Amino acid sequence: MSDRPGLRITEIFHSLQGEGLSAGERTGFIRLTGCPLRCGYCDTAYAYTGGRWMSLDEILAEVAGFHARHVCVTGGEPLAQRRCLELLSRLCDTGYQVSLETAGAVDIAGVDPRVTKVMDLKTPASGESHRNLYANVEHLARADQLKFVICDPEDYRWAVHQVLSLSLAERCTVLFSAAAGRIDPGDLAEWILRDQLPVRLQVQLHKILWGDRPGR
């Protein structure tokens with residue numbers, strides 16, 4: 001029996017995880033439609049609108065065809081849709097290793113503890129740093145990841161202050177990522193080394209392999 005209404009989905013696809021601690025792992029991706037933010041460097045603006053309604057049963061059936069151990073729920077902002085929390089739990093119940101990519105502006109308190117949370121703190125150059133919900137930091141566990149997308153030296157200094165003043169690296173893995181076309185990843189690497197930061201440099205593997213093609 002169908003369990004509509006479900007979720008509005010932009011795309012479901014099979015690829016290699018391009019970011020974070022699971023980079024390179026074969027993964028089923030579920031990209032939900034819609035996002036309350038408009039970050040200046042967004043590379044998935046096509047997910048702001050459109051999509052198709054799918055029941056949870058239909059989503060799980062499509063993902064099952066990939067025979068992948070890991071499933072990533074992303075967006076847009078997945079948590080902007082009410083039933084995302086139910087989808088995450090259903091995926092965990094099915095036996096997947098589940099990760100959630102979230103922008104950090106929506107409450108993550110209700111996310112199933114079995115889910116690995118990959119959360120942004122938006123930097124000033126994103127244009128959305130005022131939307132950061134700092135209460136979310138308290139809900140991050142050791143297995144979670146906190147990402148800063150760095151666009152310029154000011155972003156870097158701001159991110160360093162957040163990491164050190166909030167002791168973020170003691171809570172979870174902290175990722176620094178160079179915004180594509182905005183800053184040289186090599187420069188970011190040199191700054192991290194110079195300042196001996198307790199963070200991990202992230203490069204977007206999928207962009208190295210496939211560029212900006214949707215569904216990758």
# chains A, B, ... in the order shown; residues from 1 in each chain; ligands from 1
>>> closest_atom_pairs(of="region 112-173 of chain A", to="region 85-107 of chain A", cutoff="12 Å", atoms="only C-alpha atoms", output="Markdown table")
| residue | atom | partner | partner_atom | distance |
| --- | --- | --- | --- | --- |
| A:Asp112 | CA | A:Ser89 | CA | 6.0 |
| A:Pro113 | CA | A:Ser89 | CA | 9.1 |
| A:Arg114 | CA | A:Cys92 | CA | 6.8 |
| A:Val115 | CA | A:Val98 | CA | 5.2 |
| A:Thr116 | CA | A:Ser99 | CA | 4.5 |
| A:Lys117 | CA | A:Leu100 | CA | 5.0 |
| A:Val118 | CA | A:Glu101 | CA | 4.8 |
| A:Met119 | CA | A:Thr102 | CA | 4.9 |
| A:Asp120 | CA | A:Ala103 | CA | 4.8 |
| A:Leu121 | CA | A:Gly104 | CA | 6.0 |
| A:Lys122 | CA | A:Ala103 | CA | 7.5 |
| A:Thr123 | CA | A:Ala103 | CA | 11.2 |
| A:Ser126 | CA | A:Ala103 | CA | 11.3 |
| A:Glu128 | CA | A:Ala105 | CA | 9.2 |
| A:Ser129 | CA | A:Ala105 | CA | 9.2 |
| A:His130 | CA | A:Ala105 | CA | 9.2 |
| A:Arg131 | CA | A:Ala105 | CA | 5.6 |
| A:Asn132 | CA | A:Ala105 | CA | 5.0 |
| A:Leu133 | CA | A:Ala105 | CA | 5.0 |
| A:Tyr134 | CA | A:Gly104 | CA | 8.0 |
| A:Ala135 | CA | A:Asp107 | CA | 7.9 |
| A:Asn136 | CA | A:Asp107 | CA | 6.3 |
| A:Val137 | CA | A:Gly104 | CA | 8.8 |
| A:Glu138 | CA | A:Asp107 | CA | 10.8 |
| A:His139 | CA | A:Asp107 | CA | 9.2 |
| A:Leu140 | CA | A:Gly104 | CA | 11.0 |
| A:Ala143 | CA | A:Ser99 | CA | 10.5 |
| A:Asp144 | CA | A:Ser99 | CA | 9.0 |
| A:Gln145 | CA | A:Glu101 | CA | 9.5 |
| A:Leu146 | CA | A:Gly104 | CA | 9.2 |
| A:Lys147 | CA | A:Ala103 | CA | 9.1 |
| A:Phe148 | CA | A:Ala103 | CA | 10.2 |
| A:Val149 | CA | A:Ala103 | CA | 10.9 |
>>> write_last_selection(atoms="C-alpha atoms", output="PDB file, in the first residue's frame")
ATOM      1  CA  ASP A 112      17.575   9.855  14.453  1.00  0.00           C
ATOM      2  CA  PRO A 113      20.798   9.320  16.477  1.00  0.00           C
ATOM      3  CA  ARG A 114      21.802   6.533  14.091  1.00  0.00           C
ATOM      4  CA  VAL A 115      22.237   9.128  11.315  1.00  0.00           C
ATOM      5  CA  THR A 116      25.613  10.772  10.698  1.00  0.00           C
ATOM      6  CA  LYS A 117      24.986  14.504  10.498  1.00  0.00           C
ATOM      7  CA  VAL A 118      27.103  16.597   8.117  1.00  0.00           C
ATOM      8  CA  MET A 119      26.217  20.172   9.033  1.00  0.00           C
ATOM      9  CA  ASP A 120      27.371  23.543   7.732  1.00  0.00           C
ATOM     10  CA  LEU A 121      28.100  26.678   9.644  1.00  0.00           C
ATOM     11  CA  LYS A 122      27.612  29.346   6.997  1.00  0.00           C
ATOM     12  CA  THR A 123      30.486  31.803   6.600  1.00  0.00           C
ATOM     13  CA  SER A 126      27.844  32.913   1.893  1.00  0.00           C
ATOM     14  CA  GLU A 128      23.602  33.537   5.107  1.00  0.00           C
ATOM     15  CA  SER A 129      25.758  33.457   8.239  1.00  0.00           C
ATOM     16  CA  HIS A 130      22.997  35.257  10.154  1.00  0.00           C
ATOM     17  CA  ARG A 131      20.842  32.145   9.687  1.00  0.00           C
ATOM     18  CA  ASN A 132      23.187  29.808  11.585  1.00  0.00           C
ATOM     19  CA  LEU A 133      21.319  28.039  14.383  1.00  0.00           C
ATOM     20  CA  TYR A 134      24.084  27.666  16.952  1.00  0.00           C
ATOM     21  CA  ALA A 135      21.903  25.551  19.225  1.00  0.00           C
ATOM     22  CA  ASN A 136      22.456  22.780  16.666  1.00  0.00           C
ATOM     23  CA  VAL A 137      26.077  22.466  17.764  1.00  0.00           C
ATOM     24  CA  GLU A 138      24.889  20.919  21.029  1.00  0.00           C
ATOM     25  CA  HIS A 139      23.248  18.106  19.062  1.00  0.00           C
ATOM     26  CA  LEU A 140      26.416  17.078  17.187  1.00  0.00           C
ATOM     27  CA  ALA A 143      30.675  10.708  14.599  1.00  0.00           C
ATOM     28  CA  ASP A 144      29.208  13.851  13.022  1.00  0.00           C
ATOM     29  CA  GLN A 145      30.925  16.384  10.781  1.00  0.00           C
ATOM     30  CA  LEU A 146      30.806  20.181  10.770  1.00  0.00           C
ATOM     31  CA  LYS A 147      31.677  21.952   7.507  1.00  0.00           C
ATOM     32  CA  PHE A 148      32.832  25.475   6.698  1.00  0.00           C
ATOM     33  CA  VAL A 149      32.857  26.520   3.038  1.00  0.00           C
TER      34      VAL A 149
END
>>> closest_atom_pairs(of="region 62-121 of chain A", to="region 24-41 of chain A", cutoff="6 Å", atoms="only C-alpha atoms", output="tab-separated table")
residue	atom	partner	partner_atom	distance
A:Ala68	CA	A:Thr27	CA	5.6
A:His70	CA	A:Thr27	CA	5.0
A:Val71	CA	A:Gly28	CA	4.7
A:Cys72	CA	A:Phe29	CA	4.9
A:Val73	CA	A:Ile30	CA	4.9
A:Thr74	CA	A:Arg31	CA	4.8
A:Gly75	CA	A:Arg31	CA	4.7
A:Gly76	CA	A:Cys35	CA	4.7
A:Glu77	CA	A:Cys35	CA	4.6
A:Pro78	CA	A:Leu32	CA	5.4
>>> write_last_selection(atoms="C-alpha atoms", output="PDB file, in the first residue's frame")
ATOM      1  CA  ALA A  68      24.832   0.474  -1.794  1.00  0.00           C
ATOM      2  CA  HIS A  70      25.599   4.040   2.389  1.00  0.00           C
ATOM      3  CA  VAL A  71      22.686   6.400   1.666  1.00  0.00           C
ATOM      4  CA  CYS A  72      23.039  10.191   1.806  1.00  0.00           C
ATOM      5  CA  VAL A  73      20.001  12.441   2.204  1.00  0.00           C
ATOM      6  CA  THR A  74      20.776  15.905   0.868  1.00  0.00           C
ATOM      7  CA  GLY A  75      19.190  18.942  -0.773  1.00  0.00           C
ATOM      8  CA  GLY A  76      18.436  21.778  -0.953  1.00  0.00           C
ATOM      9  CA  GLU A  77      17.763  21.586   2.729  1.00  0.00           C
ATOM     10  CA  PRO A  78      16.284  18.159   3.502  1.00  0.00           C
TER      11      PRO A  78
END
>>> atom_distance(atom1="CA of Asp212 (chain A)", atom2="CA of Asp43 (chain A)")
7.7 Å
>>> select_by_dssp(residues="region 24-187 of chain A", states="strand (DSSP E)", output="PyMOL selection string")
chain A and resi 26-32+52-54+70-74+97-102+116-120+145-150+173-178
>>> select_by_dssp(residues="region 9-66 of chain A", states="helix (DSSP H, G or I)", output="count of residues only")
15
>>> atom_distance(atom1="CA of Ser15 (chain A)", atom2="CA of Phe66 (chain A)")
9.3 Å
>>> residues_around(residues="Met54 (chain A)", least_positions_apart="3", cutoff="8 Å", atoms="only C-alpha atoms", output="MDAnalysis selection string")
chainID A and resid 4:9 58:59
